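Novice: The structure's right below; bear with me while I get my questions together.
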Amino acid sequence: MPSRPLILIVAVLGLGQITAFASSFYLLGVLADPMAAGLGVPVGWVFAALSGAFLVSAVVGPSVGCWTDRRGGREVLMVSNVVFATGLILLALAQGPVGMAVGVLTLGLGMGGGLYGTAFAVLVDLYGDAARRPITAVSLLGALGGGLGWPITLVLIQTFGWRGACVGWALAHLLVCLPLTGLLTPRRRIPHLDEPLQTAAEVRWDRRMLQLAILFAGAWAVSTAMSAHLPRLLMRLGLSPAEAAGIAGLTAAAAIGVRLLDLTLLHGASPITTARIAALMHPLGALIVGVGGARFAAALTLCQGMGNGLLSVASGVLPLRLFGRHGYAERHALLLTPARFLQAAGPALYGLALERSATTALMASSVVCLIMFAATLGLERREEA
């Protein structure tokens, strides 16, 4: 066990996740319009670069996972802080579409090693099978990346301009997260002599790996589609723009609340059961809206948020439960690679469904969730020798 208190380790990793998500995944939600105006490029080009960043993250993820297993997540997180800061400085210095694209794609490199997977790997290395609660706690803090990141970015833009906002987040990585991670995150646990070292060749695809990849790919596709289109979806259901914006905000609150519930009351439940419940939450909300109409739109957003929150925890805990700690980082990265590719295409595909009707869009996302539920069946059965 590490010499430093668990709460301190969770706090440092959680702060790192808040900063990483706020300065990459959620950054362009606030920064895109003023940056596009300042550079004289269409806003669509900025989000096309973000899709490219997701693709870069997907490509580098497995290699970063191997590196994490061999060298430890602490080192990878510290490098990711430097990469994030580099991407943000490049954005601050951009003078046109090429500079903008290079900066955003560099953020994709940072996302490949600086988001949840590496932080979870640190906790698995330190706590082994007892890592579920700290994983949930770090996931809970990381969920604040949007809730805190958006208003902080907006204040930075209003005070220093969009270039100053990029520099501000770069300084947060270099002056806060990097030294705290280096000083307070323990180095990787040294295996006991009787513990075999995991090599990359031992992490291979099997039936359960494929099932988890389907589960996480569906979850990330639906989550990204909802984050991009939920207010529009609610307006298509009949809500006013103000009502849609207010009700859409319940998603983040529900995701944080259900993580807190998992941390305090449900931490002993099987992560497979948790994943099954999570997969059914979005279809349940869609069914309630389909039967009751727009007046029950809040049920859809609450169910979506709860499903997202539970699946974020399951993405960290399920690979540990099914395969153990050895090779965790590489396995986690491999499992999320299809999800990262779909994440890039999800908003565009869901937008096409929404153009037909809100009902078509909800049916499409609900079918994906039911496929996810089916992917959880049989996970507890051992593979035949």
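Chain lettering (A, B, ...) mirrors the order of the structure tokens, residue numbering begins at 1 for each chain separately, and ligand numbering begins at 1 in order of display.
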Near Ala345 in chain A, within 9 Å and counting only C-alpha atoms, which residues show up once chain neighbours fewer than 5 positions away are dropped, as a PyMOL selection string?

Specialist: chain A and resi 51+221+225+350

Novice: Could those residues be written to a file, using all heavy atoms, as a short mmCIF file (atom, residue, chain, number, x, y, z; two decimals), in the first residue's frame?

Specialist:
```
data_model
loop_
_atom_site.label_atom_id
_atom_site.label_comp_id
_atom_site.auth_asym_id
_atom_site.auth_seq_id
_atom_site.Cartn_x
_atom_site.Cartn_y
_atom_site.Cartn_z
N SER A 51 -12.77 16.45 -33.87
CA SER A 51 -12.97 15.06 -34.28
C SER A 51 -11.63 14.41 -34.62
O SER A 51 -11.38 13.25 -34.28
CB SER A 51 -13.91 15.00 -35.50
OG SER A 51 -15.22 15.40 -35.15
N ALA A 221 -20.41 6.49 -27.77
CA ALA A 221 -21.12 7.05 -28.92
C ALA A 221 -22.38 7.79 -28.48
O ALA A 221 -22.65 8.92 -28.91
CB ALA A 221 -21.46 5.94 -29.91
N ALA A 225 -22.94 11.87 -28.51
CA ALA A 225 -24.08 12.36 -29.29
C ALA A 225 -25.01 13.19 -28.43
O ALA A 225 -25.49 14.26 -28.85
CB ALA A 225 -24.82 11.18 -29.91
N TYR A 350 -25.59 11.06 -35.24
CA TYR A 350 -26.82 11.31 -34.48
C TYR A 350 -27.55 12.54 -35.01
O TYR A 350 -28.78 12.60 -34.98
CB TYR A 350 -26.49 11.50 -33.00
CG TYR A 350 -27.67 11.24 -32.10
CD1 TYR A 350 -28.13 9.94 -31.90
CD2 TYR A 350 -28.33 12.28 -31.45
CE1 TYR A 350 -29.22 9.69 -31.08
CE2 TYR A 350 -29.42 12.04 -30.63
CZ TYR A 350 -29.86 10.74 -30.45
OH TYR A 350 -30.95 10.49 -29.64
#
```

Novice: Give me, as an NGL selection string, all polymer residues having an atom no more than 9 Å from Arg325 in chain A, counting only C-alpha atoms and skipping those fewer than 4 positions away in the same chain.

Specialist: :A and (121 or 124-125 or 128-129 or 319-321 or 329)

Novice: Record the distance separating CA of Arg204 in chain A and CA of Ser365 in chain A, expressed in Å with one decimal.

Specialist: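 Here the two named atoms are 29.6 Å from each other.
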
Novice: Neighbouring residues of Leu310 in chain A were defined as those with any atom within 7 Å, considering only C-alpha atoms; residues of the same chain fewer than 6 positions away were excluded. Please report them as a PDB file with N, CA and C atoms, in the first residue's frame.

Specialist:
```
ATOM      1  N   VAL A 258     -25.030  10.077  -9.178  1.00  0.00           N
ATOM      2  CA  VAL A 258     -25.004   8.616  -9.197  1.00  0.00           C
ATOM      3  C   VAL A 258     -23.605   8.096  -8.896  1.00  0.00           C
ATOM      4  N   ARG A 259     -22.557   8.847  -9.273  1.00  0.00           N
ATOM      5  CA  ARG A 259     -21.197   8.465  -8.884  1.00  0.00           C
ATOM      6  C   ARG A 259     -21.036   8.530  -7.369  1.00  0.00           C
ATOM      7  N   THR A 274     -23.989  -3.252 -12.333  1.00  0.00           N
ATOM      8  CA  THR A 274     -23.999  -1.791 -12.502  1.00  0.00           C
ATOM      9  C   THR A 274     -24.033  -1.415 -13.982  1.00  0.00           C
ATOM     10  N   ALA A 275     -23.227  -2.109 -14.794  1.00  0.00           N
ATOM     11  CA  ALA A 275     -23.193  -1.813 -16.229  1.00  0.00           C
ATOM     12  C   ALA A 275     -24.532  -2.134 -16.888  1.00  0.00           C
ATOM     13  N   ALA A 278     -26.924   0.590 -16.013  1.00  0.00           N
ATOM     14  CA  ALA A 278     -26.557   1.805 -16.737  1.00  0.00           C
ATOM     15  C   ALA A 278     -27.000   1.751 -18.191  1.00  0.00           C
TER      16      ALA A 278
END
```

Novice: Skipping near chain neighbours, those fewer than 6 positions away, what residues fall within 12 Å of Leu180 in chain A using only C-alpha atoms, listed as a PDB file with all heavy atoms, in the first residue's frame?

Specialist:
```pdb
ATOM      1  N   LEU A   8      -5.433  11.986  -0.346  1.00  0.00           N
ATOM      2  CA  LEU A   8      -4.496  12.886  -1.017  1.00  0.00           C
ATOM      3  C   LEU A   8      -4.237  12.433  -2.444  1.00  0.00           C
ATOM      4  O   LEU A   8      -4.222  13.242  -3.383  1.00  0.00           O
ATOM      5  CB  LEU A   8      -3.187  12.944  -0.236  1.00  0.00           C
ATOM      6  CG  LEU A   8      -2.089  13.863  -0.798  1.00  0.00           C
ATOM      7  CD1 LEU A   8      -2.577  15.309  -0.831  1.00  0.00           C
ATOM      8  CD2 LEU A   8      -0.822  13.735   0.033  1.00  0.00           C
ATOM      9  N   ILE A   9      -4.059  11.135  -2.638  1.00  0.00           N
ATOM     10  CA  ILE A   9      -3.826  10.597  -3.978  1.00  0.00           C
ATOM     11  C   ILE A   9      -5.034  10.846  -4.869  1.00  0.00           C
ATOM     12  O   ILE A   9      -4.912  11.275  -6.019  1.00  0.00           O
ATOM     13  CB  ILE A   9      -3.499   9.096  -3.889  1.00  0.00           C
ATOM     14  CG1 ILE A   9      -2.199   8.878  -3.124  1.00  0.00           C
ATOM     15  CG2 ILE A   9      -3.403   8.484  -5.286  1.00  0.00           C
ATOM     16  CD1 ILE A   9      -1.914   7.427  -2.800  1.00  0.00           C
ATOM     17  N   VAL A  10      -6.234  10.583  -4.335  1.00  0.00           N
ATOM     18  CA  VAL A  10      -7.461  10.809  -5.100  1.00  0.00           C
ATOM     19  C   VAL A  10      -7.611  12.288  -5.445  1.00  0.00           C
ATOM     20  O   VAL A  10      -7.995  12.646  -6.567  1.00  0.00           O
ATOM     21  CB  VAL A  10      -8.685  10.297  -4.308  1.00  0.00           C
ATOM     22  CG1 VAL A  10      -9.986  10.813  -4.934  1.00  0.00           C
ATOM     23  CG2 VAL A  10      -8.694   8.770  -4.276  1.00  0.00           C
ATOM     24  N   ALA A  11      -7.291  13.163  -4.504  1.00  0.00           N
ATOM     25  CA  ALA A  11      -7.420  14.596  -4.757  1.00  0.00           C
ATOM     26  C   ALA A  11      -6.487  15.057  -5.876  1.00  0.00           C
ATOM     27  O   ALA A  11      -6.884  15.830  -6.757  1.00  0.00           O
ATOM     28  CB  ALA A  11      -7.133  15.380  -3.469  1.00  0.00           C
ATOM     29  N   VAL A  12      -5.250  14.575  -5.855  1.00  0.00           N
ATOM     30  CA  VAL A  12      -4.292  14.982  -6.892  1.00  0.00           C
ATOM     31  C   VAL A  12      -4.717  14.449  -8.254  1.00  0.00           C
ATOM     32  O   VAL A  12      -4.729  15.183  -9.249  1.00  0.00           O
ATOM     33  CB  VAL A  12      -2.879  14.482  -6.532  1.00  0.00           C
ATOM     34  CG1 VAL A  12      -1.918  14.685  -7.712  1.00  0.00           C
ATOM     35  CG2 VAL A  12      -2.360  15.214  -5.304  1.00  0.00           C
ATOM     36  N   LEU A  13      -5.075  13.158  -8.318  1.00  0.00           N
ATOM     37  CA  LEU A  13      -5.516  12.588  -9.588  1.00  0.00           C
ATOM     38  C   LEU A  13      -6.814  13.245 -10.061  1.00  0.00           C
ATOM     39  O   LEU A  13      -6.994  13.502 -11.253  1.00  0.00           O
ATOM     40  CB  LEU A  13      -5.709  11.082  -9.451  1.00  0.00           C
ATOM     41  CG  LEU A  13      -4.435  10.255  -9.206  1.00  0.00           C
ATOM     42  CD1 LEU A  13      -4.795   8.790  -8.986  1.00  0.00           C
ATOM     43  CD2 LEU A  13      -3.454  10.391 -10.363  1.00  0.00           C
ATOM     44  N   GLY A  14      -7.726  13.504  -9.124  1.00  0.00           N
ATOM     45  CA  GLY A  14      -8.988  14.137  -9.500  1.00  0.00           C
ATOM     46  C   GLY A  14      -8.794  15.543 -10.026  1.00  0.00           C
ATOM     47  O   GLY A  14      -9.427  15.937 -11.017  1.00  0.00           O
ATOM     48  N   LEU A  15      -7.915  16.324  -9.386  1.00  0.00           N
ATOM     49  CA  LEU A  15      -7.621  17.668  -9.883  1.00  0.00           C
ATOM     50  C   LEU A  15      -7.017  17.591 -11.278  1.00  0.00           C
ATOM     51  O   LEU A  15      -7.350  18.399 -12.162  1.00  0.00           O
ATOM     52  CB  LEU A  15      -6.662  18.378  -8.929  1.00  0.00           C
ATOM     53  CG  LEU A  15      -6.190  19.768  -9.362  1.00  0.00           C
ATOM     54  CD1 LEU A  15      -7.371  20.724  -9.461  1.00  0.00           C
ATOM     55  CD2 LEU A  15      -5.145  20.307  -8.384  1.00  0.00           C
ATOM     56  N   GLY A  16      -6.141  16.614 -11.488  1.00  0.00           N
ATOM     57  CA  GLY A  16      -5.564  16.439 -12.815  1.00  0.00           C
ATOM     58  C   GLY A  16      -6.612  16.126 -13.858  1.00  0.00           C
ATOM     59  O   GLY A  16      -6.542  16.636 -14.995  1.00  0.00           O
ATOM     60  N   ARG A  74       2.151   7.446 -13.285  1.00  0.00           N
ATOM     61  CA  ARG A  74       2.648   8.748 -12.810  1.00  0.00           C
ATOM     62  C   ARG A  74       3.448   9.445 -13.900  1.00  0.00           C
ATOM     63  O   ARG A  74       3.242  10.631 -14.195  1.00  0.00           O
ATOM     64  CB  ARG A  74       3.507   8.540 -11.565  1.00  0.00           C
ATOM     65  CG  ARG A  74       4.243   9.774 -11.057  1.00  0.00           C
ATOM     66  CD  ARG A  74       5.041   9.398  -9.811  1.00  0.00           C
ATOM     67  NE  ARG A  74       5.880  10.480  -9.346  1.00  0.00           N
ATOM     68  CZ  ARG A  74       7.120  10.702  -9.749  1.00  0.00           C
ATOM     69  NH1 ARG A  74       7.664   9.901 -10.686  1.00  0.00           N
ATOM     70  NH2 ARG A  74       7.829  11.710  -9.262  1.00  0.00           N
ATOM     71  N   LEU A  77       1.161  10.562 -16.841  1.00  0.00           N
ATOM     72  CA  LEU A  77       0.361  11.740 -16.515  1.00  0.00           C
ATOM     73  C   LEU A  77       1.213  13.011 -16.569  1.00  0.00           C
ATOM     74  O   LEU A  77       0.748  14.060 -17.050  1.00  0.00           O
ATOM     75  CB  LEU A  77      -0.263  11.585 -15.127  1.00  0.00           C
ATOM     76  CG  LEU A  77      -1.400  10.571 -15.008  1.00  0.00           C
ATOM     77  CD1 LEU A  77      -1.824  10.428 -13.553  1.00  0.00           C
ATOM     78  CD2 LEU A  77      -2.597  10.976 -15.870  1.00  0.00           C
ATOM     79  N   MET A  78       2.444  12.933 -16.092  1.00  0.00           N
ATOM     80  CA  MET A  78       3.311  14.104 -16.119  1.00  0.00           C
ATOM     81  C   MET A  78       3.637  14.509 -17.558  1.00  0.00           C
ATOM     82  O   MET A  78       3.633  15.700 -17.896  1.00  0.00           O
ATOM     83  CB  MET A  78       4.582  13.823 -15.319  1.00  0.00           C
ATOM     84  CG  MET A  78       4.338  13.656 -13.824  1.00  0.00           C
ATOM     85  SD  MET A  78       5.804  13.130 -12.905  1.00  0.00           S
ATOM     86  CE  MET A  78       6.823  14.600 -13.052  1.00  0.00           C
ATOM     87  N   ASN A  81       0.653  16.252 -19.065  1.00  0.00           N
ATOM     88  CA  ASN A  81       0.545  17.662 -18.677  1.00  0.00           C
ATOM     89  C   ASN A  81       1.350  18.544 -19.611  1.00  0.00           C
ATOM     90  O   ASN A  81       0.892  19.618 -20.024  1.00  0.00           O
ATOM     91  CB  ASN A  81       1.040  17.855 -17.237  1.00  0.00           C
ATOM     92  CG  ASN A  81       0.120  17.288 -16.193  1.00  0.00           C
ATOM     93  OD1 ASN A  81       0.588  16.662 -15.228  1.00  0.00           O
ATOM     94  ND2 ASN A  81      -1.176  17.473 -16.345  1.00  0.00           N
ATOM     95  N   ALA A 172      -2.029  26.115 -15.787  1.00  0.00           N
ATOM     96  CA  ALA A 172      -2.592  25.196 -14.788  1.00  0.00           C
ATOM     97  C   ALA A 172      -1.948  23.821 -14.888  1.00  0.00           C
ATOM     98  O   ALA A 172      -1.653  23.172 -13.872  1.00  0.00           O
ATOM     99  CB  ALA A 172      -4.108  25.094 -14.972  1.00  0.00           C
ATOM    100  N   HIS A 173      -1.707  23.357 -16.108  1.00  0.00           N
ATOM    101  CA  HIS A 173      -1.030  22.071 -16.291  1.00  0.00           C
ATOM    102  C   HIS A 173       0.409  22.123 -15.789  1.00  0.00           C
ATOM    103  O   HIS A 173       0.872  21.197 -15.095  1.00  0.00           O
ATOM    104  CB  HIS A 173      -1.036  21.681 -17.777  1.00  0.00           C
ATOM    105  CG  HIS A 173      -2.314  21.065 -18.240  1.00  0.00           C
ATOM    106  ND1 HIS A 173      -2.674  19.769 -17.939  1.00  0.00           N
ATOM    107  CD2 HIS A 173      -3.331  21.568 -18.983  1.00  0.00           C
ATOM    108  CE1 HIS A 173      -3.847  19.498 -18.475  1.00  0.00           C
ATOM    109  NE2 HIS A 173      -4.277  20.574 -19.119  1.00  0.00           N
ATOM    110  N   LEU A 174       1.138  23.195 -16.144  1.00  0.00           N
ATOM    111  CA  LEU A 174       2.567  23.248 -15.861  1.00  0.00           C
ATOM    112  C   LEU A 174       2.889  23.646 -14.428  1.00  0.00           C
ATOM    113  O   LEU A 174       3.866  23.147 -13.848  1.00  0.00           O
ATOM    114  CB  LEU A 174       3.246  24.228 -16.824  1.00  0.00           C
ATOM    115  CG  LEU A 174       3.223  23.846 -18.307  1.00  0.00           C
ATOM    116  CD1 LEU A 174       3.860  24.954 -19.148  1.00  0.00           C
ATOM    117  CD2 LEU A 174       3.947  22.524 -18.543  1.00  0.00           C
ATOM    118  N   PRO A 186       2.369   8.535  -5.867  1.00  0.00           N
ATOM    119  CA  PRO A 186       3.437   7.548  -5.621  1.00  0.00           C
ATOM    120  C   PRO A 186       3.954   6.954  -6.930  1.00  0.00           C
ATOM    121  O   PRO A 186       3.231   6.859  -7.924  1.00  0.00           O
ATOM    122  CB  PRO A 186       2.748   6.477  -4.771  1.00  0.00           C
ATOM    123  CG  PRO A 186       1.553   7.146  -4.187  1.00  0.00           C
ATOM    124  CD  PRO A 186       1.115   8.151  -5.214  1.00  0.00           C
TER     125      PRO A 186
END
```

Novice: Contacts of Ser80 in chain A at 10 Å or less, counting only C-alpha atoms, minus same-chain residues fewer than 6 places along, as a PyMOL selection string?

Specialist: chain A and resi 20+74+86+107+109-115+118+173+178

Novice: Pull N, CA and C atoms from the residues just selected and write them as a short mmCIF file (atom, residue, chain, number, x, y, z; two decimals), in the first residue's frame.

Specialist:
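What landed in again.cif:
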```cif
data_model
loop_
_atom_site.label_atom_id
_atom_site.label_comp_id
_atom_site.auth_asym_id
_atom_site.auth_seq_id
_atom_site.Cartn_x
_atom_site.Cartn_y
_atom_site.Cartn_z
N ALA A 20 -7.57 18.30 -17.07
CA ALA A 20 -7.41 17.67 -18.38
C ALA A 20 -8.70 17.74 -19.20
N ARG A 74 2.15 7.45 -13.29
CA ARG A 74 2.65 8.75 -12.81
C ARG A 74 3.45 9.45 -13.90
N THR A 86 1.51 22.17 -24.26
CA THR A 86 2.05 22.48 -25.59
C THR A 86 0.92 22.75 -26.58
N LEU A 107 -3.73 18.46 -28.57
CA LEU A 107 -4.58 18.14 -27.43
C LEU A 107 -5.05 16.68 -27.51
N LEU A 109 -3.29 14.21 -28.62
CA LEU A 109 -2.20 13.42 -28.06
C LEU A 109 -2.27 13.41 -26.54
N GLY A 110 -2.56 14.56 -25.96
CA GLY A 110 -2.69 14.62 -24.51
C GLY A 110 -3.84 13.78 -24.00
N MET A 111 -4.98 13.82 -24.72
CA MET A 111 -6.13 13.02 -24.30
C MET A 111 -5.83 11.53 -24.36
N GLY A 112 -4.96 11.13 -25.29
CA GLY A 112 -4.61 9.72 -25.41
C GLY A 112 -3.95 9.16 -24.17
N GLY A 113 -3.32 10.01 -23.36
CA GLY A 113 -2.65 9.51 -22.16
C GLY A 113 -3.03 10.21 -20.88
N GLY A 114 -3.80 11.30 -20.97
CA GLY A 114 -4.04 12.11 -19.78
C GLY A 114 -5.41 12.02 -19.17
N LEU A 115 -6.32 11.26 -19.79
CA LEU A 115 -7.67 11.16 -19.26
C LEU A 115 -7.81 9.93 -18.37
N THR A 118 -5.35 6.41 -17.60
CA THR A 118 -4.05 6.42 -16.93
C THR A 118 -4.22 6.64 -15.43
N HIS A 173 -1.71 23.36 -16.11
CA HIS A 173 -1.03 22.07 -16.29
C HIS A 173 0.41 22.12 -15.79
N LEU A 178 1.35 19.39 -12.98
CA LEU A 178 2.63 18.71 -13.17
C LEU A 178 3.41 18.56 -11.86
#
```

Novice: Of the candidates A:Ala244, A:Val203, A:Cys369, A:Ile256, which shows the shortest atom-to-atom distance to Met306 in chain A, using only C-alpha atoms?

Specialist: A:Ile256

Novice: Rank nothing, just name the residue among A:Gly327, A:Ala339, A:Val289, A:Leu311 nearest to Thr359 in chain A, using only C-alpha atoms.

Specialist: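 Nearest to Thr359 in chain A: A:Val289.
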
Novice: Neighbours of Gly305 in chain A within 9 Å (only C-alpha atoms; same-chain residues fewer than 2 positions away dropped), as a short mmCIF file (atom, residue, chain, number, x, y, z; two decimals) with all heavy atoms, in the first residue's frame?

Specialist:
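And here is the file that came out, selection_2.cif:
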```cif
data_model
loop_
_atom_site.label_atom_id
_atom_site.label_comp_id
_atom_site.auth_asym_id
_atom_site.auth_seq_id
_atom_site.Cartn_x
_atom_site.Cartn_y
_atom_site.Cartn_z
N SER A 223 -23.09 8.89 -25.40
CA SER A 223 -22.74 10.00 -24.53
C SER A 223 -22.30 11.23 -25.33
O SER A 223 -22.74 12.35 -25.07
CB SER A 223 -21.63 9.57 -23.57
OG SER A 223 -21.18 10.67 -22.80
N LEU A 250 -29.43 19.15 -16.20
CA LEU A 250 -29.63 18.12 -15.18
C LEU A 250 -28.76 16.89 -15.44
O LEU A 250 -28.53 16.09 -14.53
CB LEU A 250 -31.10 17.70 -15.14
CG LEU A 250 -32.11 18.78 -14.72
CD1 LEU A 250 -33.53 18.24 -14.85
CD2 LEU A 250 -31.83 19.23 -13.30
N THR A 251 -28.29 16.71 -16.67
CA THR A 251 -27.49 15.54 -17.00
C THR A 251 -26.23 15.47 -16.15
O THR A 251 -25.90 14.43 -15.59
CB THR A 251 -27.11 15.55 -18.49
OG1 THR A 251 -28.31 15.66 -19.28
CG2 THR A 251 -26.38 14.28 -18.88
N ALA A 252 -25.51 16.58 -16.06
CA ALA A 252 -24.27 16.61 -15.28
C ALA A 252 -24.55 16.35 -13.81
O ALA A 252 -23.82 15.60 -13.15
CB ALA A 252 -23.55 17.94 -15.47
N ALA A 253 -25.63 16.97 -13.30
CA ALA A 253 -25.96 16.76 -11.88
C ALA A 253 -26.28 15.30 -11.60
O ALA A 253 -25.87 14.74 -10.57
CB ALA A 253 -27.14 17.65 -11.50
N ALA A 254 -27.01 14.66 -12.52
CA ALA A 254 -27.35 13.25 -12.33
C ALA A 254 -26.12 12.37 -12.40
O ALA A 254 -25.97 11.41 -11.63
CB ALA A 254 -28.37 12.81 -13.39
N ALA A 255 -25.19 12.67 -13.33
CA ALA A 255 -23.96 11.88 -13.45
C ALA A 255 -23.12 11.98 -12.19
O ALA A 255 -22.56 10.98 -11.72
CB ALA A 255 -23.16 12.34 -14.67
N ILE A 256 -23.02 13.17 -11.62
CA ILE A 256 -22.25 13.34 -10.39
C ILE A 256 -22.95 12.67 -9.21
O ILE A 256 -22.32 11.98 -8.40
CB ILE A 256 -22.04 14.85 -10.12
CG1 ILE A 256 -21.13 15.45 -11.20
CG2 ILE A 256 -21.45 15.07 -8.73
CD1 ILE A 256 -21.04 16.96 -11.14
N GLY A 257 -24.28 12.83 -9.14
CA GLY A 257 -25.03 12.24 -8.04
C GLY A 257 -24.95 10.73 -8.01
O GLY A 257 -24.78 10.12 -6.94
N VAL A 258 -25.03 10.08 -9.18
CA VAL A 258 -25.00 8.62 -9.20
C VAL A 258 -23.61 8.10 -8.90
O VAL A 258 -23.44 7.03 -8.30
CB VAL A 258 -25.53 8.08 -10.54
CG1 VAL A 258 -24.48 8.18 -11.65
CG2 VAL A 258 -26.04 6.65 -10.40
N MET A 281 -30.68 2.72 -18.67
CA MET A 281 -31.19 4.00 -18.20
C MET A 281 -31.66 4.89 -19.34
O MET A 281 -32.74 5.48 -19.27
CB MET A 281 -30.10 4.71 -17.38
CG MET A 281 -29.73 4.03 -16.08
SD MET A 281 -31.16 3.71 -15.00
CE MET A 281 -31.71 5.37 -14.67
N HIS A 282 -30.87 5.01 -20.40
CA HIS A 282 -31.29 5.87 -21.52
C HIS A 282 -32.57 5.35 -22.19
O HIS A 282 -33.49 6.15 -22.43
CB HIS A 282 -30.16 5.99 -22.55
CG HIS A 282 -30.53 6.81 -23.75
ND1 HIS A 282 -30.43 8.18 -23.78
CD2 HIS A 282 -31.02 6.43 -24.96
CE1 HIS A 282 -30.84 8.62 -24.96
NE2 HIS A 282 -31.19 7.59 -25.70
N LEU A 300 -35.70 11.99 -19.18
CA LEU A 300 -34.70 11.58 -20.17
C LEU A 300 -33.32 12.07 -19.77
O LEU A 300 -32.34 11.31 -19.81
CB LEU A 300 -35.08 12.13 -21.55
CG LEU A 300 -34.05 11.91 -22.66
CD1 LEU A 300 -33.87 10.43 -22.95
CD2 LEU A 300 -34.48 12.65 -23.93
N THR A 301 -33.21 13.34 -19.39
CA THR A 301 -31.89 13.88 -19.05
C THR A 301 -31.34 13.24 -17.77
O THR A 301 -30.14 12.97 -17.67
CB THR A 301 -31.95 15.40 -18.89
OG1 THR A 301 -32.90 15.74 -17.87
CG2 THR A 301 -32.37 16.06 -20.19
N LEU A 302 -32.21 13.00 -16.80
CA LEU A 302 -31.74 12.38 -15.56
C LEU A 302 -31.28 10.95 -15.82
O LEU A 302 -30.23 10.52 -15.30
CB LEU A 302 -32.86 12.40 -14.51
CG LEU A 302 -33.20 13.77 -13.93
CD1 LEU A 302 -34.45 13.69 -13.06
CD2 LEU A 302 -32.03 14.32 -13.11
N CYS A 303 -32.05 10.21 -16.60
CA CYS A 303 -31.65 8.83 -16.91
C CYS A 303 -30.36 8.80 -17.71
O CYS A 303 -29.49 7.95 -17.47
CB CYS A 303 -32.77 8.12 -17.67
SG CYS A 303 -34.20 7.67 -16.65
N GLY A 307 -26.95 7.00 -16.36
CA GLY A 307 -26.30 5.96 -17.16
C GLY A 307 -24.86 6.32 -17.46
O GLY A 307 -23.96 5.48 -17.34
N ASN A 308 -24.62 7.59 -17.83
CA ASN A 308 -23.25 8.03 -18.10
C ASN A 308 -22.36 7.87 -16.87
O ASN A 308 -21.22 7.39 -16.96
CB ASN A 308 -23.24 9.51 -18.51
CG ASN A 308 -23.56 9.70 -19.97
OD1 ASN A 308 -23.64 8.75 -20.72
ND2 ASN A 308 -23.76 10.94 -20.37
N GLY A 309 -22.88 8.29 -15.71
CA GLY A 309 -22.08 8.23 -14.50
C GLY A 309 -21.70 6.81 -14.13
O GLY A 309 -20.55 6.52 -13.79
N LEU A 310 -22.66 5.89 -14.20
CA LEU A 310 -22.39 4.50 -13.86
C LEU A 310 -21.44 3.85 -14.86
O LEU A 310 -20.58 3.05 -14.48
CB LEU A 310 -23.70 3.72 -13.79
CG LEU A 310 -24.63 4.07 -12.61
CD1 LEU A 310 -25.95 3.31 -12.74
CD2 LEU A 310 -23.97 3.77 -11.28
#
```

Novice: As JSON, numbers by chain, please: every residue in range 143-350 of chain A that DSSP puts in alpha helix (DSSP H).

Specialist: {"A": [144, 145, 146, 147, 148, 149, 150, 151, 152, 153, 154, 155, 156, 157, 158, 159, 160, 161, 162, 163, 164, 165, 166, 167, 168, 169, 170, 171, 178, 179, 180, 181, 182, 183, 184, 207, 208, 209, 210, 211, 212, 213, 214, 215, 216, 217, 218, 219, 220, 221, 222, 223, 224, 225, 226, 227, 228, 229, 230, 231, 232, 233, 234, 235, 236, 241, 242, 243, 244, 245, 246, 247, 248, 250, 251, 252, 253, 254, 255, 256, 257, 258, 259, 260, 261, 262, 263, 264, 271, 272, 273, 274, 275, 276, 277, 278, 279, 280, 281, 282, 283, 284, 285, 286, 287, 288, 289, 290, 291, 292, 297, 298, 299, 300, 301, 302, 303, 304, 305, 306, 307, 308, 309, 310, 311, 312, 313, 314, 315, 316, 317, 318, 319, 320, 321, 322, 323, 328, 329, 330, 331, 332, 333, 334, 335, 336, 337, 338, 339, 340, 341, 342, 343, 344, 345, 346, 347, 348, 349, 350]}

Novice: Could you name the residues that touch Leu239 in chain A at 12 Å or less, counting only C-alpha atoms, but leaving out those on the same chain fewer than 5 positions away, as a PyMOL selection string?

Specialist: chain A and resi 230-234+244-248+293-298+358

Novice: May I ask for the distance between CA of Ala49 in chain A and CA of Ala101 in chain A, given in Å to one decimal place?

Specialist: 5.5 Å

Novice: May I ask for the distance between CA of Thr136 in chain A and CA of Val60 in chain A, given in Å to one decimal place?

Specialist: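 Interatomic distance, CA of Thr136 in chain A to CA of Val60 in chain A: 24.9 Å.
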
Novice: Find the residue from A:Thr337, A:Thr376, A:Ser240, A:Thr224 that sits nearest to Val64 in chain A; use only C-alpha atoms when measuring.

Specialist: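 Result for the nearest residue to Val64 in chain A: A:Thr337.
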